[in-house]
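Enquirer: One structure, as structure tokens, below. Some questions next.
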Amino acid sequence: MPLVTLLTDFGAADYFVGALKGAILSVNSHAQIVDITHEIVAHDVQAGAFTLLAAYDSFPPGTIHVAVVDPGVGSTRRPLLIATDSYFFVGPDNGLFSYVCERERDVRVYQLTNEKYFRAHVSATFHGRDIFAPIAGALSKGVVPEAFGELVDDYVRLAPLAPVRDGGDDGATAWSATIIHVDRFGNLVTNITRRELAGAEFARGAKLEIGGREISSFRRFYADAAGDGVTDAAGGGADAACELFAIWGSAGFLEIAANRASAAQLLCAERGQPVRLTSLES
Amino acid sequence: MPLVTLLTDFGAADYFVGALKGAILSVNSHAQIVDITHEIVAHDVQAGAFTLLAAYDSFPPGTIHVAVVDPGVGSTRRPLLIATDSYFFVGPDNGLFSYVCERERDVRVYQLTNEKYFRAHVSATFHGRDIFAPIAGALSKGVVPEAFGELVDDYVRLAPLAPVRDGGDDGATAWSATIIHVDRFGNLVTNITRRELAGAEFARGAKLEIGGREISSFRRFYADAAGDGVTDAAGGGADAACELFAIWGSAGFLEIAANRASAAQLLCAERGQPVRLTSLES
Amino acid sequence: MPLVTLLTDFGAADYFVGALKGAILSVNSHAQIVDITHEIVAHDVQAGAFTLLAAYDSFPPGTIHVAVVDPGVGSTRRPLLIATDSYFFVGPDNGLFSYVCERERDVRVYQLTNEKYFRAHVSATFHGRDIFAPIAGALSKGVVPEAFGELVDDYVRLAPLAPVRDGGDDGATAWSATIIHVDRFGNLVTNITRRELAGAEFARGAKLEIGGREISSFRRFYADAAGDGVTDAAGGGADAACELFAIWGSAGFLEIAANRASAAQLLCAERGQPVRLTSLES
């Protein structure tokens, strides 16, 4: 049973998500549809690209990921199908797939031109329902990527996600990084990965700077407190909750967190805010 | 595999949606359940009726649409099954299905009276779980509509959705229309369809009036700007974003929109607000 | 087709839910996944325990319920599989399953220790994806509970949900109860069940006290008004809407409600607030 995931900025309150699902199932009623999220901030392509990156490879090979954050719908922006050695991606050519394309292998990008696979009447305002959904439906029935259009290589790419090396002095290494996501628990996800830093380096003097604050402690898990591995619910809980620390998040990025508190609130921080990483180790 | 869609005002945070799904699957564990939305404003039958109208016919024929916006649950309001030439609808007799009934053909309305198909214990507060879900489950297993109860013809109808012809003078045509939905992007969906107006007529002097503002420009798609079809991200973006225009929305209704901005915010407009359409063409 | 339900505090906007589903489907692509809710208040184990209790037994026997409200993820808190005579439950050992365990029969609790069934790399911050999802996937393929770890009997239990008998005087019976949930409609769900009170007793003088207000009327359904069973939309509607009453909710608990109005707003009440039940009957 072919899997089709959905990631959009449609919200949960409108008819858009229902129409999208119906359009897929109208082509292949055996498609198994799974929601990733419909709560990407409206028109925020970069946020969509991040969330797709963080979720897509939890799914089994062969999964078809439909992603629609599409402020340019109806304009000359192209509709795309991307095939890699493990997955398919269907959606607009606006950078939404750049982060996954950075990570995937054997990336082939097709411009969707074969109108035979589109909805009979294509609106200028809802390509999710009228182009992407029927293409995903056909793909899930086994139609080969080549049937939908020609290969292109000039697809839209966002600026790379990685932090930028930023000199440093006296043998220290420094990186200009960014908050790329704030999750529901208020954890601040940075774009720092193990390529820039191994967690153990905090013990050797690495530190983060954000909004004038310095963060130099590291924890293995959110409830990890100094010493015993679990915060004390009775004494010192308030202090422990307010302490900010760095932690490896589940999507492979370094996060700034606070146990049972929102780091975002404590720091008044938001997505896009700069973070500076300094590592003393040579 | 029979499709069952759900549209409710239950919200996503409660146990209601889970209980509804469980009750369908308890009758037919092979039912394929698809959420349209659970975020209809609480008790807002008209909003539910609109969203169902906008989504239902994206689904393949034979789909069973369960809709529950049901402030009168437990009272004498009747539980209904509606069969048309393409779909089934299950829910309360309070007008929730009027808009789809206006559009569907071969509409037969059954009052659900055969308690054999209800949950063993029917509560007075949750007919979604106790009546509508088990009926949908049985229907998805192939039980015929006649088995659930008798035909009725006095089901509750909301006022028709269409705008009202409103005189006009000097050869002009005027319509009293309404905002029937505000979507997550702030687009204002009116009840004006191609029956009242073809989009091209804006070029010939048609205009909308809402809250003292006049809207006389029309665009084919949201990012459509004067001339080039895509807004310029660099220069003039702010102006372009604030310009209000009319556009054909994907549900077949004329919308008032603003590119990458919320028309609802710009106009302080909300659902129910009157809109006047004047068309100069004779 | 095995059913797997999900109940979490992940919210709908992040990649967490998608990753959880992908991880289940990576083990068993035939698993049928059903969302109960992902909107449990962050880290609120008791709220999760209540919502699971209210929804779980609507599902058919054999259903696997995965619940993840897990502030202690990565710490020494144990991962559990609970098997009963009807269902399976998978999640953290922090009390999330206490209320269902109070109600279920033949409860066997296993500590998940067999890493063969975990994700290849287990993070310290997302056991939902790395432990609970793969275990649920394996379970849905027919792996027996014993394969995942040893039986334990010292699992974490929350304080029992039931109200506490509270003396009373002159032959009256009194109970100290609590608001355990506020639903989207503003209904206040108490922990009072038919064990403490039959609805008919209100006619014989039972009453509730909350925040200095006394509630002594009872209704069978939300729209039930004095006398006719349906509120009068025309006259007296405002009064009827503001009247507070007790009602049996669909999860088997006594609720405080107001027809077409929010009892929570009228009473400025919230979860955790005490309610006193006095029953005159001896």
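We label chains A, B, ... in the order they appear in the structure tokens, count residues from 1 in each chain, and number ligands from 1 in the order shown.
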Specify as a list in words all residues of chain C found within 6 Å of chain B, counting only C-alpha atoms.
Expert: Ile36, Thr37, Glu39, Thr51, Ala55, Ser58, Phe59, Pro60, Phe221, Ala223 and Ser250 of chain C
Enquirer: Could the residues in this selection be written to a file with N, CA and C atoms, as a JSON list (two decimals), in the first residue's frame?
Expert:
[["chain", "number", "residue", "atom", "x", "y", "z"],
["C", 36, "ILE", "N", -5.62, 10.13, 18.08],
["C", 36, "ILE", "CA", -6.60, 10.54, 19.09],
["C", 36, "ILE", "C", -6.43, 12.04, 19.29],
["C", 37, "THR", "N", -5.30, 12.46, 19.80],
["C", 37, "THR", "CA", -5.00, 13.90, 19.82],
["C", 37, "THR", "C", -3.50, 14.08, 20.00],
["C", 39, "GLU", "N", -2.74, 17.31, 21.12],
["C", 39, "GLU", "CA", -2.87, 18.61, 21.77],
["C", 39, "GLU", "C", -2.99, 18.53, 23.28],
["C", 51, "THR", "N", -7.55, 11.90, 28.93],
["C", 51, "THR", "CA", -8.04, 11.84, 27.55],
["C", 51, "THR", "C", -7.94, 10.40, 27.01],
["C", 55, "ALA", "N", -11.15, 7.96, 25.65],
["C", 55, "ALA", "CA", -11.23, 7.55, 24.24],
["C", 55, "ALA", "C", -10.92, 6.08, 23.98],
["C", 58, "SER", "N", -13.43, 3.11, 22.96],
["C", 58, "SER", "CA", -14.24, 3.19, 21.74],
["C", 58, "SER", "C", -13.62, 2.36, 20.62],
["C", 59, "PHE", "N", -12.37, 1.99, 20.76],
["C", 59, "PHE", "CA", -11.68, 1.26, 19.70],
["C", 59, "PHE", "C", -11.88, -0.25, 19.84],
["C", 60, "PRO", "N", -11.77, -0.96, 18.74],
["C", 60, "PRO", "CA", -12.00, -2.41, 18.81],
["C", 60, "PRO", "C", -10.90, -3.12, 19.60],
["C", 221, "PHE", "N", -29.64, 16.62, 28.33],
["C", 221, "PHE", "CA", -28.79, 16.95, 27.19],
["C", 221, "PHE", "C", -28.59, 18.46, 27.16],
["C", 223, "ALA", "N", -29.10, 20.96, 25.14],
["C", 223, "ALA", "CA", -30.13, 21.90, 24.70],
["C", 223, "ALA", "C", -31.44, 21.73, 25.49],
["C", 250, "SER", "N", -20.33, 12.30, 27.99],
["C", 250, "SER", "CA", -20.22, 11.07, 27.20],
["C", 250, "SER", "C", -19.09, 10.16, 27.66]]
Enquirer: With a distance cut-off of 8 Å and only C-alpha atoms, select the neighbouring residues of region 254-256 of chain B, excluding the residue or stretch itself and same-chain residues fewer than 2 positions from it, and output the selection as a PyMOL selection string.
Expert: chain B and resi 187-193+244-249+252+258+263
Enquirer: How would you write, as a list in words, the set of residues in region 64-95 of chain B that DSSP gives as strand (DSSP E)?
Expert: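 Matching residues for strand (DSSP E) in region 64-95 of chain B are Ile64, His65, Val66, Ala67, Val68, Pro79, Leu80, Leu81, Ile82, Ala83, Phe88, Phe89, Val90, Gly91 and Pro92 of chain B.
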Enquirer: Any idea what's packed within 9 Å of Trp175 (chain C), counting only C-alpha atoms, ignoring anything in its chain fewer than 2 positions away? Could you give it as an MDAnalysis selection string?
Expert: chainID C and resid 163:168 173 177 192 196 275:279
Enquirer: With a distance cut-off of 8 Å and only C-alpha atoms, select the neighbouring residues of region 91-96 of chain A, excluding the residue or stretch itself and same-chain residues fewer than 3 positions from it, and output the selection as number ranges by chain.
Expert: A: 45-46, 48-49, 66-70, 73, 77-81, 99, 128, 132, 155-158
Enquirer: How about saving the chosen residues, C-alpha atoms kept, as an mmCIF file, in the first residue's frame?
Expert:
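Done, and the output landed in result20.cif:
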data_model
loop_
_atom_site.group_PDB
_atom_site.id
_atom_site.type_symbol
_atom_site.label_atom_id
_atom_site.label_comp_id
_atom_site.auth_asym_id
_atom_site.auth_seq_id
_atom_site.Cartn_x
_atom_site.Cartn_y
_atom_site.Cartn_z
ATOM 1 C CA VAL A 45 8.795 28.216 2.545
ATOM 2 C CA GLN A 46 11.906 27.962 4.716
ATOM 3 C CA GLY A 48 8.310 24.098 5.467
ATOM 4 C CA ALA A 49 11.703 23.044 4.129
ATOM 5 C CA VAL A 66 3.663 15.997 -1.046
ATOM 6 C CA ALA A 67 4.593 19.443 0.274
ATOM 7 C CA VAL A 68 2.609 22.579 -0.490
ATOM 8 C CA VAL A 69 3.716 25.963 0.821
ATOM 9 C CA ASP A 70 3.034 27.857 -2.317
ATOM 10 C CA VAL A 73 0.548 29.343 -6.984
ATOM 11 C CA ARG A 77 6.767 29.045 -10.733
ATOM 12 C CA ARG A 78 7.044 25.462 -11.878
ATOM 13 C CA PRO A 79 5.407 22.363 -10.410
ATOM 14 C CA LEU A 80 8.003 19.669 -9.630
ATOM 15 C CA LEU A 81 8.443 15.986 -8.973
ATOM 16 C CA TYR A 99 17.192 20.977 2.327
ATOM 17 C CA GLY A 128 -2.239 21.283 -4.316
ATOM 18 C CA PHE A 132 0.221 17.894 -6.925
ATOM 19 C CA TYR A 155 15.395 24.272 -9.648
ATOM 20 C CA VAL A 156 15.164 26.888 -6.887
ATOM 21 C CA ARG A 157 17.504 26.435 -3.947
ATOM 22 C CA LEU A 158 17.381 28.225 -0.600
#
Enquirer: For Ile179 (chain A), which of A:Asp106, A:Asp224, A:Glu201, A:Glu209 is the closest residue, counting only C-alpha atoms?
Expert: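 Ranking A:Asp106, A:Asp224, A:Glu201, A:Glu209 by distance to Ile179 (chain A), first place goes to A:Glu209.
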Enquirer: Near Asp85 (chain A), within 10 Å and counting only C-alpha atoms, which residues show up once chain neighbours fewer than 2 positions away are dropped, as a ChimeraX atom specification?
Expert: /A:61-62,83,87-88,104-108
Enquirer: Filtering to N, CA and C atoms, could you give me those residues as a PDB file, in the first residue's frame?
Expert:
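As a result, part.pdb now contains:
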ATOM      1  N   PRO A  61      11.340   3.722   2.625  1.00  0.00           N
ATOM      2  CA  PRO A  61      11.701   4.019   1.234  1.00  0.00           C
ATOM      3  C   PRO A  61      10.494   3.842   0.322  1.00  0.00           C
ATOM      4  N   GLY A  62      10.408   4.688  -0.681  1.00  0.00           N
ATOM      5  CA  GLY A  62       9.290   4.625  -1.609  1.00  0.00           C
ATOM      6  C   GLY A  62       8.173   5.587  -1.269  1.00  0.00           C
ATOM      7  N   ALA A  83      12.676  12.844  -7.649  1.00  0.00           N
ATOM      8  CA  ALA A  83      12.901  11.441  -7.301  1.00  0.00           C
ATOM      9  C   ALA A  83      14.326  11.300  -6.795  1.00  0.00           C
ATOM     10  N   TYR A  87      13.132   8.273  -2.036  1.00  0.00           N
ATOM     11  CA  TYR A  87      11.834   8.926  -1.866  1.00  0.00           C
ATOM     12  C   TYR A  87      11.405   9.684  -3.115  1.00  0.00           C
ATOM     13  N   PHE A  88      10.126  10.084  -3.095  1.00  0.00           N
ATOM     14  CA  PHE A  88       9.604  11.031  -4.076  1.00  0.00           C
ATOM     15  C   PHE A  88       9.119  12.273  -3.340  1.00  0.00           C
ATOM     16  N   GLU A 104      19.791  14.145   0.205  1.00  0.00           N
ATOM     17  CA  GLU A 104      19.472  12.922  -0.546  1.00  0.00           C
ATOM     18  C   GLU A 104      20.522  12.618  -1.628  1.00  0.00           C
ATOM     19  N   ARG A 105      20.510  11.368  -2.087  1.00  0.00           N
ATOM     20  CA  ARG A 105      21.408  10.967  -3.162  1.00  0.00           C
ATOM     21  C   ARG A 105      20.626  10.659  -4.427  1.00  0.00           C
ATOM     22  N   ASP A 106      21.293  10.815  -5.557  1.00  0.00           N
ATOM     23  CA  ASP A 106      20.701  10.472  -6.845  1.00  0.00           C
ATOM     24  C   ASP A 106      19.419  11.293  -7.093  1.00  0.00           C
ATOM     25  N   VAL A 107      19.583  12.603  -6.957  1.00  0.00           N
ATOM     26  CA  VAL A 107      18.435  13.516  -7.054  1.00  0.00           C
ATOM     27  C   VAL A 107      18.111  13.836  -8.508  1.00  0.00           C
ATOM     28  N   ARG A 108      16.915  13.492  -8.935  1.00  0.00           N
ATOM     29  CA  ARG A 108      16.448  13.849 -10.284  1.00  0.00           C
ATOM     30  C   ARG A 108      15.189  14.712 -10.149  1.00  0.00           C
TER      31      ARG A 108
END
Enquirer: If I take CA of Ala174 (chain C) and CA of Cys101 (chain C), how far is one from the other in Å, to one decimal?
Expert: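 These atoms are spaced 26.8 Å apart.
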Enquirer: Do you know which residues are at most 10 Å from Thr113 (chain C) counting only C-alpha atoms, after dropping those on the same chain fewer than 4 positions away, and could you put them as a list in words?
Expert: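 Once the nearby chain positions are removed, what remains is Arg78, Pro79, Leu80, Tyr117, Phe118, Ile131, Ala147, Phe148, Gly149 and Glu150 of chain C.
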Enquirer: Give me a file of those residues, with N, CA, C and O atoms, as a short mmCIF file (atom, residue, chain, number, x, y, z; two decimals), in the first residue's frame.
Expert:
data_model
loop_
_atom_site.label_atom_id
_atom_site.label_comp_id
_atom_site.auth_asym_id
_atom_site.auth_seq_id
_atom_site.Cartn_x
_atom_site.Cartn_y
_atom_site.Cartn_z
N ARG C 78 11.21 4.39 32.96
CA ARG C 78 11.23 3.21 32.11
C ARG C 78 10.24 3.29 30.95
O ARG C 78 9.18 3.89 31.09
N PRO C 79 10.57 2.69 29.83
CA PRO C 79 9.59 2.55 28.75
C PRO C 79 8.77 1.29 28.99
O PRO C 79 9.31 0.26 29.37
N LEU C 80 7.45 1.38 28.76
CA LEU C 80 6.55 0.27 29.10
C LEU C 80 5.69 -0.19 27.93
O LEU C 80 5.35 0.58 27.04
N TYR C 117 14.34 -4.40 19.19
CA TYR C 117 13.12 -3.82 18.62
C TYR C 117 13.14 -2.29 18.63
O TYR C 117 12.17 -1.66 18.25
N PHE C 118 14.24 -1.70 19.12
CA PHE C 118 14.33 -0.23 19.12
C PHE C 118 14.86 0.23 17.77
O PHE C 118 15.34 -0.56 16.95
N ILE C 131 11.76 4.41 20.34
CA ILE C 131 11.42 3.20 21.11
C ILE C 131 9.94 2.84 20.96
O ILE C 131 9.60 1.75 20.51
N ALA C 147 8.32 -10.79 24.23
CA ALA C 147 9.54 -10.61 23.47
C ALA C 147 10.24 -9.29 23.76
O ALA C 147 11.43 -9.13 23.48
N PHE C 148 9.49 -8.32 24.31
CA PHE C 148 10.05 -6.97 24.44
C PHE C 148 10.74 -6.71 25.79
O PHE C 148 11.48 -5.75 25.93
N GLY C 149 10.46 -7.55 26.79
CA GLY C 149 11.07 -7.34 28.10
C GLY C 149 10.35 -8.11 29.19
O GLY C 149 9.44 -8.90 28.91
N GLU C 150 10.75 -7.85 30.43
CA GLU C 150 10.24 -8.59 31.58
C GLU C 150 9.03 -7.91 32.21
O GLU C 150 8.90 -6.69 32.14
#
Enquirer: Run DSSP on the backbone of this structure and report the residues of region 109-176 of chain A it assigns to alpha helix (DSSP H), as a ChimeraX atom specification.
Expert: /A:127,133-140
Enquirer: What does the distance between CA of Tyr110 (chain C) and CA of Pro145 (chain C) come to in Å, to one decimal place?
Expert: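 About the pair CA of Tyr110 (chain C) and CA of Pro145 (chain C): they are 7.4 Å apart.
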Enquirer: Give me, please, the distance in Å between CA of Leu53 (chain A) and CA of Pro160 (chain A), quoted to one decimal.
Expert: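 Pair CA of Leu53 (chain A) / CA of Pro160 (chain A) returns 12.7 Å.
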Enquirer: Env of Val100 (chain A): 10 Å cut, atoms = only C-alpha atoms, seq-sep filter 6 positions within chain, self excluded. Answer as a PDB file with N, CA and C atoms, in the first residue's frame.
Expert:
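Result written to result.pdb:
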ATOM      1  N   ALA A  49      10.519  23.819   4.531  1.00  0.00           N
ATOM      2  CA  ALA A  49      11.703  23.044   4.129  1.00  0.00           C
ATOM      3  C   ALA A  49      12.364  22.392   5.329  1.00  0.00           C
ATOM      4  N   PHE A  50      12.434  23.106   6.454  1.00  0.00           N
ATOM      5  CA  PHE A  50      13.027  22.533   7.655  1.00  0.00           C
ATOM      6  C   PHE A  50      12.212  21.359   8.191  1.00  0.00           C
ATOM      7  N   LEU A  52      10.047  19.448   6.734  1.00  0.00           N
ATOM      8  CA  LEU A  52      10.145  18.296   5.838  1.00  0.00           C
ATOM      9  C   LEU A  52      11.458  17.554   6.058  1.00  0.00           C
ATOM     10  N   LEU A  53      12.546  18.316   6.174  1.00  0.00           N
ATOM     11  CA  LEU A  53      13.864  17.718   6.417  1.00  0.00           C
ATOM     12  C   LEU A  53      13.873  16.889   7.691  1.00  0.00           C
ATOM     13  N   ALA A  54      13.214  17.400   8.725  1.00  0.00           N
ATOM     14  CA  ALA A  54      13.258  16.744  10.028  1.00  0.00           C
ATOM     15  C   ALA A  54      12.399  15.487  10.079  1.00  0.00           C
ATOM     16  N   TYR A  56      11.100  13.618   6.984  1.00  0.00           N
ATOM     17  CA  TYR A  56      10.923  12.770   5.792  1.00  0.00           C
ATOM     18  C   TYR A  56      11.573  11.404   5.891  1.00  0.00           C
ATOM     19  N   ASP A  57      12.778  11.319   6.498  1.00  0.00           N
ATOM     20  CA  ASP A  57      13.472  10.038   6.432  1.00  0.00           C
ATOM     21  C   ASP A  57      13.102   9.096   7.565  1.00  0.00           C
ATOM     22  N   THR A  84      14.504  10.599  -5.674  1.00  0.00           N
ATOM     23  CA  THR A  84      15.856  10.328  -5.170  1.00  0.00           C
ATOM     24  C   THR A  84      16.020   8.810  -5.082  1.00  0.00           C
ATOM     25  N   PHE A  89       9.242  13.414  -4.010  1.00  0.00           N
ATOM     26  CA  PHE A  89       8.746  14.681  -3.464  1.00  0.00           C
ATOM     27  C   PHE A  89       7.955  15.380  -4.556  1.00  0.00           C
ATOM     28  N   VAL A 107      19.583  12.603  -6.957  1.00  0.00           N
ATOM     29  CA  VAL A 107      18.435  13.516  -7.054  1.00  0.00           C
ATOM     30  C   VAL A 107      18.111  13.836  -8.508  1.00  0.00           C
TER      31      VAL A 107
END
